[in-house]
Amino acid sequence: MDLAVGSSTHKKHKAKDDIISHLPESLITHILSFLPTKDAVRTCVLSKRWIEKWTLITKVELDDSVFYSSKKKTSERKTLQQQCFINFVNRFLLLTGTHTVESFSLAIANNYDLSVLNTLITCILKKRVKKLSISSSEELPFSALTTHYLFNHATCLEELVLTRTSSYSAIEIPLYKISGVFLFTRLKQLDLCGVKFTFDKSQHIIFPVLNKFETYNCSWLSAHDVTFTFELKAPLLETVYIGQYWVNRESRRCKIKFSDSHLKEFTYSSNGMSQAIVLSDPSSACNATLSIILYHVNSDNVSSDSVQETESCVCLLLKQFSQVKRIKFEFQTQPNVAILSKFAMLSHLELRDVSIEVLLGLIQNSPALNTLFFKRILEFNHELLNSAAVPNCLTSTLKVVKFGDVQGDEHELLLAKYLMENGTVLERMSFSFDEYLGEPKVIEEFKEKLYSFKKGISFAILEFSNDYY
């Protein structure tokens with residue numbers, strides 16, 4: 001009986017090996033590349049033919065958080081985890097040869113000797129990686145050698161993601177020991193979070209095929225307290241996102257300059273602004289959508305100097321995009337209307353949480369405006385509408401107005417009435433009610449008042465919905 005069972009088991013294993021043996025080698029490598037790297041290595045013990053196949057995988061994911069033993073005490077477990085991880089990465093880099101790696105992801109959750117980490121990163125860069133992602137929850141200063149390899153020898157990089165996962169740490173990249181113009185010939189996407197760059201002079205970096213540039217909570221610092229320019233030459237650049245949870249005033253010495261680009265989307269989101277952003281040719285952004293989101297610029301714990309600095313930088317930014325056709329603004333605190341630029345080509349404007357002064361100021365400065373969307377206009381003195389000059393766009397170009405998150409308040413009705421009475425070319429005005437507005441009676445009363453305003457006015461359609469843009 002036991003012999004029969006053993007024979008049956010042997011036949012099953014042989015059948016499995018026969019199936020595996022007939023799989024194409026390229027398919028085996030492709031399948032293994034979809035597994036976490038540690039699992040891919042484990043999987044290779046299923047067949048003698050697979051035993052070395054893990055060294056040919058093209059998509060690598062290394063995460064030190066999976067290298068631990070729950071049977072050990074906390075301190076011992078952490079030490080064991082770190083040592084196992086370093087040993088595994090070293091062995092992997094040693095045995096995988098010189099073949100090109102499509103993507104390499106390195107996630108670091110623990111504190112290591114920085115020289116060891118820099119050696120690992122440098123070795124990874126030597127692997128001719130196409131897509132590289134490095135995330136760290138601890139401080140990770142790049143050494144001069146690592147920075148040198150990143151800026152001078154990462155010729156195969158197509159996508160680079162550097163992420164700090166803790167708000168109390170940073171990935172630090174010093175450029176003060178590097179000089180000259182740098183060229184990333186294949187880089188298409190650059191995504192940075194929590195990275196600190198240190199410069200000792202202005203730097204030019206050429207990205208011939210860069211399409212997307214995104215930064216969040218990054219700092220551009222001067223090594224010698226001098227003003228400098230960080231210039232990105234990127235003729236194919238279409239998308240820029242710059243986000244700051246806090247404003248680092250030390251970055252005010254740095255001017256970020258975009259050259260030779262043809263932008264389609266530009267977003268700046270922060271609680272202030274202390275850094276000049278410049279386009280070498282503002283006309284290159286004429287087809288871009290500009291989005292500016294500013295939070296708490298005038299809060300009690302922000303100095304008047306910071307407010308003035310923000311207004312100055314915002315004014316400069318707006319001037320760079322004075323020829324755009326689409327703009328999205330969201331202000332939790334209201335900017336000085338005097339800083340608003342003229343937007344001669346603007347046809348589409350979206351606003352959120354703005355005052356009536358900002359709304360009127362923007363449409364006064366947008367003579368070609370065709371479509372106006374806004375959510376949550378702040379309460380205002382009703383006399384402001386009576387005393388305001390009628391914007392040119394209301395009598396010549398504005399055809400569509402959409403109110404979002406409507407509460408049914410009096411100031412919303414008055415603004416709608418103002419637009420109806422003065423919008424001589426309006427074709428459609430629509431209202432999307434706030435999802436938390438639970439009183440049907442309020443909605444019906446709001447509609448009745450709107451229809452009473454419409455009497456005697458020849459403009460077209462009033463629409464109502466619960467859709468949100």
# chains A, B, ... in the order shown; residues from 1 in each chain; ligands from 1
$ residues_around --residues "range 195-206 of chain A" --least-positions-apart "5" --cutoff "6 Å" --atoms "only C-alpha atoms" --output "number ranges by chain"
A: 170-176, 181-183, 218-223, 228-233
$ select_by_dssp --residues "range 166-222 of chain A" --states "strand (DSSP E or B)" --output "PyMOL selection string"
chain A and resi 171-174+181-183+189-193+195-199+203-206+212-216+219-222
$ atom_distance --atom1 "CA of Asn217 in chain A" --atom2 "CA of Ile242 in chain A"
8.2 Å
$ residues_around --residues "Glu102 in chain A" --least-positions-apart "3" --cutoff "9 Å" --atoms "only C-alpha atoms" --output "list of chain:residue names"
A:Ile57, A:Thr58, A:Lys59, A:Val60, A:Arg128, A:Val129, A:Lys130, A:Lys131, A:Leu132
$ residues_around --residues "Ser269 in chain A" --least-positions-apart "2" --cutoff "9 Å" --atoms "only C-alpha atoms" --output "list in words"
Tyr241, Ile242, Gly243, Gln244, Tyr245, Thr267, Asn271, Gly272, Ser291, Ile292, Ile293, Leu294 and Tyr295 of chain A
$ residues_around --residues "range 134-140 of chain A" --least-positions-apart "3" --cutoff "12 Å" --atoms "only C-alpha atoms" --output "mmCIF file with N, CA and C atoms, in the first residue's frame"
data_model
loop_
_atom_site.group_PDB
_atom_site.id
_atom_site.type_symbol
_atom_site.label_atom_id
_atom_site.label_comp_id
_atom_site.auth_asym_id
_atom_site.auth_seq_id
_atom_site.Cartn_x
_atom_site.Cartn_y
_atom_site.Cartn_z
ATOM 1 N N VAL A 60 11.970 43.701 -10.391
ATOM 2 C CA VAL A 60 12.489 43.371 -9.060
ATOM 3 C C VAL A 60 11.781 44.215 -8.010
ATOM 4 N N GLU A 61 11.274 43.582 -6.955
ATOM 5 C CA GLU A 61 10.658 44.272 -5.814
ATOM 6 C C GLU A 61 11.323 43.785 -4.536
ATOM 7 N N LEU A 62 12.039 44.671 -3.863
ATOM 8 C CA LEU A 62 12.726 44.332 -2.622
ATOM 9 C C LEU A 62 12.196 45.218 -1.503
ATOM 10 N N ASP A 63 11.605 44.584 -0.501
ATOM 11 C CA ASP A 63 10.987 45.298 0.620
ATOM 12 C C ASP A 63 11.516 44.698 1.916
ATOM 13 N N ASP A 64 12.240 45.494 2.706
ATOM 14 C CA ASP A 64 12.866 44.923 3.909
ATOM 15 C C ASP A 64 11.859 44.563 4.992
ATOM 16 N N SER A 65 10.619 45.034 4.882
ATOM 17 C CA SER A 65 9.632 44.737 5.926
ATOM 18 C C SER A 65 9.194 43.276 5.925
ATOM 19 N N SER A 103 12.432 47.052 -14.284
ATOM 20 C CA SER A 103 12.044 47.887 -13.147
ATOM 21 C C SER A 103 12.644 47.335 -11.859
ATOM 22 N N PHE A 104 13.016 48.254 -10.983
ATOM 23 C CA PHE A 104 13.632 47.882 -9.706
ATOM 24 C C PHE A 104 13.003 48.742 -8.619
ATOM 25 N N SER A 105 12.357 48.096 -7.651
ATOM 26 C CA SER A 105 11.707 48.804 -6.547
ATOM 27 C C SER A 105 12.390 48.424 -5.236
ATOM 28 N N LEU A 106 12.872 49.418 -4.508
ATOM 29 C CA LEU A 106 13.551 49.203 -3.237
ATOM 30 C C LEU A 106 12.809 49.974 -2.151
ATOM 31 N N ALA A 107 12.221 49.249 -1.191
ATOM 32 C CA ALA A 107 11.471 49.861 -0.088
ATOM 33 C C ALA A 107 12.224 49.617 1.216
ATOM 34 N N ILE A 108 12.537 50.707 1.916
ATOM 35 C CA ILE A 108 13.355 50.624 3.127
ATOM 36 C C ILE A 108 12.565 51.179 4.299
ATOM 37 N N ALA A 109 12.294 50.336 5.283
ATOM 38 C CA ALA A 109 11.510 50.751 6.451
ATOM 39 C C ALA A 109 12.360 50.847 7.711
ATOM 40 N N ASN A 110 13.610 50.379 7.646
ATOM 41 C CA ASN A 110 14.459 50.341 8.838
ATOM 42 C C ASN A 110 15.701 51.209 8.660
ATOM 43 N N ASN A 111 16.398 51.398 9.754
ATOM 44 C CA ASN A 111 17.584 52.244 9.777
ATOM 45 C C ASN A 111 18.829 51.389 9.549
ATOM 46 N N TYR A 112 19.565 51.685 8.461
ATOM 47 C CA TYR A 112 20.759 50.932 8.109
ATOM 48 C C TYR A 112 21.970 51.849 8.109
ATOM 49 N N ASP A 113 23.127 51.227 8.046
ATOM 50 C CA ASP A 113 24.356 51.972 7.820
ATOM 51 C C ASP A 113 24.246 52.651 6.447
ATOM 52 N N LEU A 114 24.404 53.979 6.412
ATOM 53 C CA LEU A 114 24.182 54.720 5.177
ATOM 54 C C LEU A 114 25.165 54.335 4.079
ATOM 55 N N SER A 115 26.372 53.974 4.450
ATOM 56 C CA SER A 115 27.343 53.560 3.435
ATOM 57 C C SER A 115 26.896 52.273 2.754
ATOM 58 N N VAL A 116 26.257 51.377 3.516
ATOM 59 C CA VAL A 116 25.750 50.129 2.938
ATOM 60 C C VAL A 116 24.622 50.430 1.949
ATOM 61 N N LEU A 117 23.680 51.297 2.355
ATOM 62 C CA LEU A 117 22.573 51.644 1.465
ATOM 63 C C LEU A 117 23.065 52.331 0.200
ATOM 64 N N ASN A 118 24.010 53.246 0.335
ATOM 65 C CA ASN A 118 24.525 53.935 -0.841
ATOM 66 C C ASN A 118 25.228 52.983 -1.791
ATOM 67 N N LEU A 120 24.435 49.807 -2.134
ATOM 68 C CA LEU A 120 23.365 49.055 -2.795
ATOM 69 C C LEU A 120 22.742 49.862 -3.930
ATOM 70 N N ILE A 121 22.444 51.146 -3.670
ATOM 71 C CA ILE A 121 21.801 51.987 -4.685
ATOM 72 C C ILE A 121 22.720 52.179 -5.884
ATOM 73 N N ILE A 124 22.621 49.109 -7.920
ATOM 74 C CA ILE A 124 21.357 49.030 -8.657
ATOM 75 C C ILE A 124 21.425 49.906 -9.915
ATOM 76 N N LEU A 125 21.975 51.118 -9.779
ATOM 77 C CA LEU A 125 22.091 52.014 -10.922
ATOM 78 C C LEU A 125 22.975 51.415 -12.016
ATOM 79 N N LYS A 131 13.199 51.446 -14.960
ATOM 80 C CA LYS A 131 12.275 52.081 -14.022
ATOM 81 C C LYS A 131 12.782 51.826 -12.614
ATOM 82 N N SER A 143 25.284 59.614 -1.101
ATOM 83 C CA SER A 143 26.699 59.966 -1.079
ATOM 84 C C SER A 143 27.075 60.644 -2.391
ATOM 85 N N THR A 146 27.044 57.990 -5.145
ATOM 86 C CA THR A 146 25.698 57.623 -5.581
ATOM 87 C C THR A 146 25.099 58.715 -6.457
ATOM 88 N N GLU A 159 12.014 55.988 -15.968
ATOM 89 C CA GLU A 159 11.114 56.449 -14.914
ATOM 90 C C GLU A 159 11.855 56.403 -13.584
ATOM 91 N N LEU A 160 11.835 57.517 -12.846
ATOM 92 C CA LEU A 160 12.518 57.598 -11.554
ATOM 93 C C LEU A 160 11.538 58.095 -10.497
ATOM 94 N N VAL A 161 11.371 57.292 -9.418
ATOM 95 C CA VAL A 161 10.497 57.652 -8.303
ATOM 96 C C VAL A 161 11.322 57.588 -7.022
ATOM 97 N N LEU A 162 11.440 58.720 -6.342
ATOM 98 C CA LEU A 162 12.125 58.788 -5.047
ATOM 99 C C LEU A 162 11.116 59.283 -4.025
ATOM 100 N N THR A 163 10.862 58.482 -2.980
ATOM 101 C CA THR A 163 9.781 58.791 -2.049
ATOM 102 C C THR A 163 10.242 58.667 -0.611
ATOM 103 N N ARG A 164 10.029 59.722 0.149
ATOM 104 C CA ARG A 164 10.196 59.675 1.598
ATOM 105 C C ARG A 164 8.835 59.364 2.204
ATOM 106 N N THR A 165 8.739 58.265 2.959
ATOM 107 C CA THR A 165 7.440 57.829 3.468
ATOM 108 C C THR A 165 7.163 58.346 4.870
ATOM 109 N N SER A 166 8.098 59.023 5.493
ATOM 110 C CA SER A 166 7.893 59.608 6.824
ATOM 111 C C SER A 166 8.050 61.117 6.733
ATOM 112 N N SER A 167 7.185 61.837 7.440
ATOM 113 C CA SER A 167 7.249 63.302 7.394
ATOM 114 C C SER A 167 8.451 63.853 8.134
ATOM 115 N N TYR A 168 9.163 63.010 8.863
ATOM 116 C CA TYR A 168 10.306 63.471 9.651
ATOM 117 C C TYR A 168 11.644 63.065 9.039
ATOM 118 N N SER A 169 11.635 62.595 7.796
ATOM 119 C CA SER A 169 12.870 62.175 7.154
ATOM 120 C C SER A 169 12.948 62.775 5.766
ATOM 121 N N ALA A 170 14.060 62.537 5.091
ATOM 122 C CA ALA A 170 14.240 63.079 3.745
ATOM 123 C C ALA A 170 15.222 62.217 2.973
ATOM 124 N N ILE A 171 15.079 62.258 1.670
ATOM 125 C CA ILE A 171 16.103 61.720 0.783
ATOM 126 C C ILE A 171 16.922 62.920 0.327
ATOM 127 N N GLU A 172 18.164 62.968 0.699
ATOM 128 C CA GLU A 172 18.997 64.137 0.437
ATOM 129 C C GLU A 172 19.959 63.853 -0.711
ATOM 130 N N ILE A 173 19.947 64.740 -1.707
ATOM 131 C CA ILE A 173 20.818 64.582 -2.875
ATOM 132 C C ILE A 173 21.673 65.833 -3.018
ATOM 133 N N PRO A 174 22.955 65.727 -2.760
ATOM 134 C CA PRO A 174 23.834 66.900 -2.881
ATOM 135 C C PRO A 174 24.341 67.078 -4.305
ATOM 136 N N ASP A 191 9.249 61.527 -10.502
ATOM 137 C CA ASP A 191 8.291 61.652 -9.403
ATOM 138 C C ASP A 191 9.072 61.690 -8.089
ATOM 139 N N LEU A 192 9.049 62.842 -7.408
ATOM 140 C CA LEU A 192 9.858 63.044 -6.213
ATOM 141 C C LEU A 192 8.975 63.438 -5.037
ATOM 142 N N CYS A 193 9.209 62.822 -3.875
ATOM 143 C CA CYS A 193 8.468 63.171 -2.659
ATOM 144 C C CYS A 193 9.443 63.219 -1.489
ATOM 145 N N GLY A 194 9.512 64.373 -0.824
ATOM 146 C CA GLY A 194 10.361 64.503 0.343
ATOM 147 C C GLY A 194 11.839 64.461 0.026
ATOM 148 N N VAL A 195 12.223 64.984 -1.133
ATOM 149 C CA VAL A 195 13.627 64.978 -1.547
ATOM 150 C C VAL A 195 14.219 66.374 -1.349
ATOM 151 N N LYS A 196 15.416 66.434 -0.771
ATOM 152 C CA LYS A 196 16.142 67.689 -0.593
ATOM 153 C C LYS A 196 17.334 67.725 -1.537
#
$ residues_around --residues "Thr310 in chain A" --least-positions-apart "2" --cutoff "8 Å" --atoms "only C-alpha atoms" --output "PDB file with N, CA and C atoms, in the first residue's frame"
ATOM      1  N   GLY A 272       1.158  78.059   0.835  1.00  0.00           N
ATOM      2  CA  GLY A 272       1.890  79.303   0.604  1.00  0.00           C
ATOM      3  C   GLY A 272       2.829  79.113  -0.567  1.00  0.00           C
ATOM      4  N   MET A 273       3.617  80.133  -0.836  1.00  0.00           N
ATOM      5  CA  MET A 273       4.541  80.044  -1.965  1.00  0.00           C
ATOM      6  C   MET A 273       5.705  80.993  -1.722  1.00  0.00           C
ATOM      7  N   SER A 274       6.927  80.455  -1.766  1.00  0.00           N
ATOM      8  CA  SER A 274       8.100  81.286  -1.542  1.00  0.00           C
ATOM      9  C   SER A 274       9.140  81.113  -2.640  1.00  0.00           C
ATOM     10  N   VAL A 297      -3.280  80.854   3.627  1.00  0.00           N
ATOM     11  CA  VAL A 297      -2.181  81.796   3.442  1.00  0.00           C
ATOM     12  C   VAL A 297      -2.204  82.898   4.482  1.00  0.00           C
ATOM     13  N   SER A 306       5.443  86.431   5.024  1.00  0.00           N
ATOM     14  CA  SER A 306       5.154  85.212   4.274  1.00  0.00           C
ATOM     15  C   SER A 306       3.972  85.420   3.337  1.00  0.00           C
ATOM     16  N   VAL A 307       2.962  86.164   3.810  1.00  0.00           N
ATOM     17  CA  VAL A 307       1.793  86.443   2.973  1.00  0.00           C
ATOM     18  C   VAL A 307       2.205  87.269   1.756  1.00  0.00           C
ATOM     19  N   GLN A 308       3.025  88.303   1.987  1.00  0.00           N
ATOM     20  CA  GLN A 308       3.481  89.141   0.877  1.00  0.00           C
ATOM     21  C   GLN A 308       4.347  88.348  -0.094  1.00  0.00           C
ATOM     22  N   SER A 312       3.507  87.712  -4.016  1.00  0.00           N
ATOM     23  CA  SER A 312       4.467  88.087  -5.046  1.00  0.00           C
ATOM     24  C   SER A 312       4.764  86.920  -5.978  1.00  0.00           C
ATOM     25  N   CYS A 313       4.958  85.726  -5.395  1.00  0.00           N
ATOM     26  CA  CYS A 313       5.266  84.540  -6.200  1.00  0.00           C
ATOM     27  C   CYS A 313       4.059  84.096  -7.029  1.00  0.00           C
ATOM     28  N   VAL A 314       2.857  84.192  -6.444  1.00  0.00           N
ATOM     29  CA  VAL A 314       1.638  83.840  -7.180  1.00  0.00           C
ATOM     30  C   VAL A 314       1.438  84.797  -8.350  1.00  0.00           C
TER      31      VAL A 314
END
$ closest_residue --among "A:Ser366, A:Asn152, A:Ser396, A:Ser355" --to "Glu412 in chain A" --atoms "only C-alpha atoms"
A:Ser355
$ closest_residue --among "A:Glu379, A:Glu435, A:Thr397, A:Asp260" --to "Asp409 in chain A" --atoms "only C-alpha atoms"
A:Glu379
$ closest_residue --among "A:Ala344, A:Leu190, A:Met420, A:Leu414" --to "Phe213 in chain A" --atoms "only C-alpha atoms"
A:Leu190
$ select_by_dssp --residues "range 132-161 of chain A" --states "helix (DSSP H, G or I)" --output "number ranges by chain"
A: 144-152
$ write_last_selection --atoms "C-alpha atoms" --output "CSV table (one decimal), in the first residue's frame"
chain,number,residue,atom,x,y,z
A,144,ALA,CA,28.7,61.9,-3.7
A,145,LEU,CA,29.4,58.6,-5.5
A,146,THR,CA,25.7,57.6,-5.6
A,147,THR,CA,24.7,61.1,-6.8
A,148,HIS,CA,27.5,60.9,-9.4
A,149,TYR,CA,26.1,57.6,-10.8
A,150,LEU,CA,22.5,58.9,-10.7
A,151,PHE,CA,23.3,62.1,-12.7
A,152,ASN,CA,26.1,60.8,-15.0
$ closest_residue --among "A:Leu385, A:Leu317, A:Cys123, A:Val66" --to "Asn90 in chain A" --atoms "only C-alpha atoms"
A:Cys123
$ residues_around --residues "Leu346 in chain A" --least-positions-apart "6" --cutoff "6 Å" --atoms "only C-alpha atoms" --output "list in words"
Val324, Lys325, Arg326, Ser366, Ala368 and Leu369 of chain A
$ write_last_selection --atoms "N, CA and C atoms" --output "tab-separated table (two decimals), in the first residue's frame"
chain	number	residue	atom	x	y	z
A	324	VAL	N	-3.08	81.32	-21.10
A	324	VAL	CA	-3.76	80.02	-21.07
A	324	VAL	C	-5.25	80.18	-21.37
A	325	LYS	N	-5.86	79.04	-21.75
A	325	LYS	CA	-7.28	79.03	-22.06
A	325	LYS	C	-8.13	78.41	-20.96
A	326	ARG	N	-7.49	77.64	-20.04
A	326	ARG	CA	-8.23	76.97	-18.96
A	326	ARG	C	-7.50	77.19	-17.64
A	366	SER	N	-10.97	88.61	-17.76
A	366	SER	CA	-11.06	87.52	-18.73
A	366	SER	C	-12.10	87.87	-19.80
A	368	ALA	N	-12.54	87.05	-22.82
A	368	ALA	CA	-12.96	86.01	-23.78
A	368	ALA	C	-13.59	84.80	-23.09
A	369	LEU	N	-13.95	84.94	-21.81
A	369	LEU	CA	-14.46	83.81	-21.04
A	369	LEU	C	-15.75	83.26	-21.63
$ closest_atom_pairs --of "range 136-250 of chain A" --to "range 283-288 of chain A" --cutoff "10 Å" --atoms "only C-alpha atoms" --output "JSON lines"
{"residue": "A:Pro235", "atom": "CA", "partner": "A:Ser284", "partner_atom": "CA", "distance": 9.9}
{"residue": "A:Glu238", "atom": "CA", "partner": "A:Ala288", "partner_atom": "CA", "distance": 8.3}
{"residue": "A:Thr239", "atom": "CA", "partner": "A:Ala288", "partner_atom": "CA", "distance": 8.9}
$ write_last_selection --atoms "C-alpha atoms" --output "PDB file, in the first residue's frame"
ATOM      1  CA  PRO A 235      10.877  69.899 -25.008  1.00  0.00           C
ATOM      2  CA  GLU A 238       3.383  68.142 -20.731  1.00  0.00           C
ATOM      3  CA  THR A 239       2.501  67.633 -17.039  1.00  0.00           C
TER       4      THR A 239
END
